[in-house]
Every structure is written in C-alpha cells, then in structure tokens.
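Structure file run_3.pdb (PDB, C-alpha atoms and all ligand atoms) follows.
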```pdb
ATOM      1  CA  MET A   1     105.993  97.180 108.720
ATOM      2  CA  PHE A   2     105.806  93.835 106.906
ATOM      3  CA  GLN A   3     108.916  92.075 105.571
ATOM      4  CA  ILE A   4     109.462  89.056 103.370
ATOM      5  CA  GLY A   5     110.360  86.038 105.506
ATOM      6  CA  GLN A   6     108.551  87.494 108.485
ATOM      7  CA  LYS A   7     105.956  85.522 110.401
ATOM      8  CA  VAL A   8     102.529  87.049 110.791
ATOM      9  CA  ILE A   9      99.508  86.133 112.853
ATOM     10  CA  CYS A  10      96.089  86.143 111.269
ATOM     11  CA  ILE A  11      93.646  88.386 113.138
ATOM     12  CA  GLU A  12      90.613  87.857 110.930
ATOM     13  CA  THR A  13      89.611  84.604 109.268
ATOM     14  CA  ALA A  14      89.335  84.825 105.480
ATOM     15  CA  TYR A  15      85.836  84.607 104.003
ATOM     16  CA  ASN A  16      86.786  81.236 102.504
ATOM     17  CA  ASN A  17      88.784  80.008 105.543
ATOM     18  CA  THR A  18      92.111  79.812 103.708
ATOM     19  CA  THR A  19      93.669  81.769 106.561
ATOM     20  CA  VAL A  20      92.323  81.403 110.072
ATOM     21  CA  ARG A  21      92.400  83.831 112.981
ATOM     22  CA  GLY A  22      95.075  83.002 115.531
ATOM     23  CA  LYS A  23      97.164  80.989 113.081
ATOM     24  CA  ILE A  24     100.703  81.920 112.073
ATOM     25  CA  TYR A  25     101.873  82.301 108.472
ATOM     26  CA  THR A  26     105.125  83.242 106.729
ATOM     27  CA  ILE A  27     105.342  86.086 104.203
ATOM     28  CA  VAL A  28     106.913  84.996 100.924
ATOM     29  CA  GLY A  29     106.056  88.101  98.935
ATOM     30  CA  MET A  30     104.268  91.433  99.024
ATOM     31  CA  ASN A  31     102.532  93.815  96.723
ATOM     32  CA  GLU A  32     100.824  97.118  97.182
ATOM     33  CA  CYS A  33      97.678  98.387  95.563
ATOM     34  CA  CYS A  34      95.082 100.177  97.705
ATOM     35  CA  GLU A  35      96.629  98.410 100.677
ATOM     36  CA  VAL A  36      99.544  96.119 101.413
ATOM     37  CA  ASN A  37      98.871  92.601 100.182
ATOM     38  CA  LEU A  38     100.778  89.614 101.493
ATOM     39  CA  TYR A  39     101.662  86.386  99.745
ATOM     40  CA  LEU A  40     101.818  83.642 102.359
ATOM     41  CA  GLU A  41     103.693  80.368 102.265
ATOM     42  CA  GLY A  42     101.429  77.504 101.249
ATOM     43  CA  ILE A  43      98.330  79.705 100.865
ATOM     44  CA  ASN A  44      96.546  79.849  97.540
ATOM     45  CA  HIS A  45      92.921  80.886  97.587
ATOM     46  CA  HIS A  46      92.656  81.360  93.823
ATOM     47  CA  TYR A  47      91.554  84.957  94.045
ATOM     48  CA  SER A  48      93.745  87.794  92.851
ATOM     49  CA  LYS A  49      91.667  90.924  92.518
ATOM     50  CA  CYS A  50      92.091  93.946  94.716
ATOM     51  CA  TRP A  51      88.743  95.345  95.901
ATOM     52  CA  CYS A  52      89.307  98.248  93.471
ATOM     53  CA  GLY A  53      89.160  95.772  90.583
ATOM     54  CA  VAL A  54      92.868  95.703  89.727
ATOM     55  CA  GLN A  55      94.150  92.235  88.877
ATOM     56  CA  LEU A  56      97.073  91.280  91.092
ATOM     57  CA  LYS A  57      99.628  88.546  90.609
ATOM     58  CA  GLY A  58      98.953  85.212  92.360
ATOM     59  CA  SER A  59      96.615  85.175  95.353
ATOM     60  CA  PRO A  60      97.616  87.853  97.844
ATOM     61  CA  ASN A  61      95.992  88.310 101.251
ATOM     62  CA  SER A  62      94.937  91.662 102.657
ATOM     63  CA  GLY A  63      97.619  92.911 105.049
ATOM     64  CA  GLN A  64      94.842  94.280 107.242
ATOM     65  CA  ARG A  65      94.011  90.765 108.352
ATOM     66  CA  PHE A  66      97.522  90.098 109.703
ATOM     67  CA  LYS A  67      99.871  91.447 112.318
ATOM     68  CA  PRO A  68     103.641  91.019 112.221
ATOM     69  CA  LEU A  69     105.000  88.578 114.724
ATOM     70  CA  ASP A  70     108.188  88.837 116.702
ATOM     71  CA  ASP A  71     109.942  85.481 117.085
ATOM     72  CA  ASN A  72     111.018  86.461 120.575
ATOM     73  CA  TRP A  73     107.528  86.927 121.881
ATOM     74  CA  PRO A  74     106.518  84.357 124.459
ATOM     75  CA  SER A  75     103.288  82.480 123.793
ATOM     76  CA  THR A  76     101.568  84.461 126.554
ATOM     77  CA  VAL A  77     101.981  87.607 124.448
ATOM     78  CA  LEU A  78     100.418  85.821 121.495
ATOM     79  CA  ASP A  79      97.510  84.735 123.658
ATOM     80  CA  LEU A  80      97.014  88.359 124.675
ATOM     81  CA  ILE A  81      97.006  89.523 121.064
ATOM     82  CA  ILE A  82      94.434  86.905 120.152
ATOM     83  CA  GLU A  83      92.294  87.854 123.139
ATOM     84  CA  GLN A  84      92.464  91.540 122.189
ATOM     85  CA  VAL A  85      91.458  90.732 118.642
ATOM     86  CA  GLU A  86      88.522  88.728 119.855
ATOM     87  CA  ALA A  87      87.433  91.571 122.147
ATOM     88  CA  GLU A  88      87.424  94.141 119.330
TER      89      GLU A  88
HETATM   90 ZN    ZN B 101      93.506  98.341  94.581
END
```
Let's see the structure in the file written out as structure tokens.
Amino acid sequence: MFQIGQKVICIETAYNNTTVRGKIYTIVGMNECCEVNLYLEGINHHYSKCWCGVQLKGSPNSGQRFKPLDDNWPSTVLDLIIEQVEAE
C-alpha cells in the first residue's frame, strides 16, 4: 500500500515529535520487519530499533502512524481524514 516517492499523512504524532499528526511527509525508502517501516524525507529521529529488538538501517518510522495520500484529493478530504483520526 505504501510506495517510494508517495506522500503520506501522519495520523499519530511520534513520541519525540519528529513527525506530527496532520502533517504530510514523502517516503524515500521502506523496510519491513514486524511491520512496514517508512523512511521519510528530512526525518531523522536517531532511533533504528524495531520493537522486537532488531536493529534496522537508518531511522525508519512505523507505517502504522501514516496513511498514504492521493495527490488528487482536495484539502476538504484531508480535513475529514484528520477529523476522523482525532475522533478515534
Ligand atoms: Zn521487528
């Protein structure tokens, strides 16, 4: 469901605020361990361990905290997504 070069919207702020809910990021790489991990343009939080303890390359972000974005979506759709996330 995720692709390199794709834009994603953050749906859950990272514990250290490196990625913030409602903000848009670009995928520059991926890797899979227990879950899909995303490498995001300009994001380096200096943490590279999967929760299972496996050391991953660089500083990937849990794919569970992001949703793929469609460039053609109007901003109203984005607002709806953010509202839904906040309601959950
Ligand atoms: Zn793992």
Requested in this report: Could you expand the PyMOL selection byres (((not hetatm)) within 8 of (chain B and resi 101)) into the explicit residues it covers here, written as a PyMOL selection string?
Outcome: chain A and resi 32-35+49-54
query = Once you count only C-alpha atoms, which residues end up no further than 12 Å from (89.0, 77.5, 102.8) in the file's frame, shown as a list in words?
reply = Thr13, Ala14, Tyr15, Asn16, Asn17, Thr18, Thr19, Val20, Ile43, Asn44, His45, His46 and Tyr47 of chain A
Result set, the PyMOL selection byres (((chain A and resi 1) around 9) and not hetatm) on current file, as a ChimeraX atom specification: /A:2-3,68
With distances taken over only C-alpha atoms, the candidate from A:Val85, A:Arg21, A:Pro60, A:Tyr39 nearest A:Gly5 is A:Tyr39
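Computed from the coordinates, the atom CA of A:Val28 to atom CA of A:Glu12 distance equals 19.3 Å.
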Taking (104.6, 86.9, 101.9) in the file's coordinates, which residues come within 6 Å, counting all atoms listed in the file, written as a tab-separated table (two decimals) with C-alpha atoms, in the frame of the given file?
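Output file part_21.tsv is given in full below:
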```tsv
chain	number	residue	atom	x	y	z
A	4	ILE	CA	109.46	89.06	103.37
A	27	ILE	CA	105.34	86.09	104.20
A	28	VAL	CA	106.91	85.00	100.92
A	29	GLY	CA	106.06	88.10	98.94
A	30	MET	CA	104.27	91.43	99.02
A	38	LEU	CA	100.78	89.61	101.49
A	39	TYR	CA	101.66	86.39	99.74
A	40	LEU	CA	101.82	83.64	102.36
```
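Using the PyMOL selection byres (((chain A and resi 62) around 7) and not hetatm) on the file at hand returns these residues: A:Val36, A:Asn37, A:Leu38, A:Pro60, A:Asn61, A:Gly63, A:Gln64, A:Arg65.
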Can those selected residues be exported to a file as a compact mmCIF listing (two decimals), keeping the file's coordinate frame so that it contains C-alpha atoms?
```txt
# COMPACT_ATOMS: atom_id res chain seq x y z
CA VAL A 36 99.54 96.12 101.41
CA ASN A 37 98.87 92.60 100.18
CA LEU A 38 100.78 89.61 101.49
CA PRO A 60 97.62 87.85 97.84
CA ASN A 61 95.99 88.31 101.25
CA GLY A 63 97.62 92.91 105.05
CA GLN A 64 94.84 94.28 107.24
CA ARG A 65 94.01 90.76 108.35
```
What would stretch 54-71 of chain A look like with N, CA and C atoms restored, written as a PDB file, in the frame of the given file?
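Result file part_14.pdb:
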```pdb
ATOM      1  N   VAL A  54      91.573  95.964  90.364  1.00  0.00           N
ATOM      2  CA  VAL A  54      92.868  95.703  89.727  1.00  0.00           C
ATOM      3  C   VAL A  54      93.256  94.238  89.916  1.00  0.00           C
ATOM      4  N   GLN A  55      93.720  93.625  88.842  1.00  0.00           N
ATOM      5  CA  GLN A  55      94.150  92.235  88.877  1.00  0.00           C
ATOM      6  C   GLN A  55      95.572  92.167  89.431  1.00  0.00           C
ATOM      7  N   LEU A  56      95.746  91.419  90.495  1.00  0.00           N
ATOM      8  CA  LEU A  56      97.073  91.280  91.092  1.00  0.00           C
ATOM      9  C   LEU A  56      97.646  89.924  90.730  1.00  0.00           C
ATOM     10  N   LYS A  57      98.948  89.806  90.905  1.00  0.00           N
ATOM     11  CA  LYS A  57      99.628  88.546  90.609  1.00  0.00           C
ATOM     12  C   LYS A  57      99.325  87.511  91.706  1.00  0.00           C
ATOM     13  N   GLY A  58      99.121  86.269  91.352  1.00  0.00           N
ATOM     14  CA  GLY A  58      98.953  85.212  92.360  1.00  0.00           C
ATOM     15  C   GLY A  58      97.713  85.413  93.206  1.00  0.00           C
ATOM     16  N   SER A  59      97.776  85.004  94.467  1.00  0.00           N
ATOM     17  CA  SER A  59      96.615  85.175  95.353  1.00  0.00           C
ATOM     18  C   SER A  59      97.036  85.828  96.665  1.00  0.00           C
ATOM     19  N   PRO A  60      97.187  87.139  96.635  1.00  0.00           N
ATOM     20  CA  PRO A  60      97.616  87.853  97.844  1.00  0.00           C
ATOM     21  C   PRO A  60      96.505  87.936  98.891  1.00  0.00           C
ATOM     22  N   ASN A  61      96.920  88.168 100.134  1.00  0.00           N
ATOM     23  CA  ASN A  61      95.992  88.310 101.251  1.00  0.00           C
ATOM     24  C   ASN A  61      96.069  89.743 101.759  1.00  0.00           C
ATOM     25  N   SER A  62      94.955  90.303 102.128  1.00  0.00           N
ATOM     26  CA  SER A  62      94.937  91.662 102.657  1.00  0.00           C
ATOM     27  C   SER A  62      95.803  91.772 103.910  1.00  0.00           C
ATOM     28  N   GLY A  63      96.740  92.703 103.904  1.00  0.00           N
ATOM     29  CA  GLY A  63      97.619  92.911 105.049  1.00  0.00           C
ATOM     30  C   GLY A  63      96.856  93.329 106.294  1.00  0.00           C
ATOM     31  N   GLN A  64      95.647  93.833 106.101  1.00  0.00           N
ATOM     32  CA  GLN A  64      94.842  94.280 107.242  1.00  0.00           C
ATOM     33  C   GLN A  64      94.400  93.113 108.113  1.00  0.00           C
ATOM     34  N   ARG A  65      94.453  91.921 107.574  1.00  0.00           N
ATOM     35  CA  ARG A  65      94.011  90.765 108.352  1.00  0.00           C
ATOM     36  C   ARG A  65      95.160  90.092 109.100  1.00  0.00           C
ATOM     37  N   PHE A  66      96.353  90.719 109.069  1.00  0.00           N
ATOM     38  CA  PHE A  66      97.522  90.098 109.703  1.00  0.00           C
ATOM     39  C   PHE A  66      98.303  91.110 110.520  1.00  0.00           C
ATOM     40  N   LYS A  67      98.960  90.617 111.539  1.00  0.00           N
ATOM     41  CA  LYS A  67      99.871  91.447 112.318  1.00  0.00           C
ATOM     42  C   LYS A  67     101.230  90.772 112.321  1.00  0.00           C
ATOM     43  N   PRO A  68     102.293  91.592 112.185  1.00  0.00           N
ATOM     44  CA  PRO A  68     103.641  91.019 112.221  1.00  0.00           C
ATOM     45  C   PRO A  68     103.922  90.379 113.564  1.00  0.00           C
ATOM     46  N   LEU A  69     104.699  89.344 113.522  1.00  0.00           N
ATOM     47  CA  LEU A  69     105.000  88.578 114.724  1.00  0.00           C
ATOM     48  C   LEU A  69     106.490  88.693 115.030  1.00  0.00           C
ATOM     49  N   ASP A  70     106.796  88.802 116.287  1.00  0.00           N
ATOM     50  CA  ASP A  70     108.188  88.837 116.702  1.00  0.00           C
ATOM     51  C   ASP A  70     108.529  87.454 117.249  1.00  0.00           C
ATOM     52  N   ASP A  71     109.555  86.835 116.679  1.00  0.00           N
ATOM     53  CA  ASP A  71     109.942  85.481 117.085  1.00  0.00           C
ATOM     54  C   ASP A  71     110.249  85.370 118.576  1.00  0.00           C
TER      55      ASP A  71
END
```
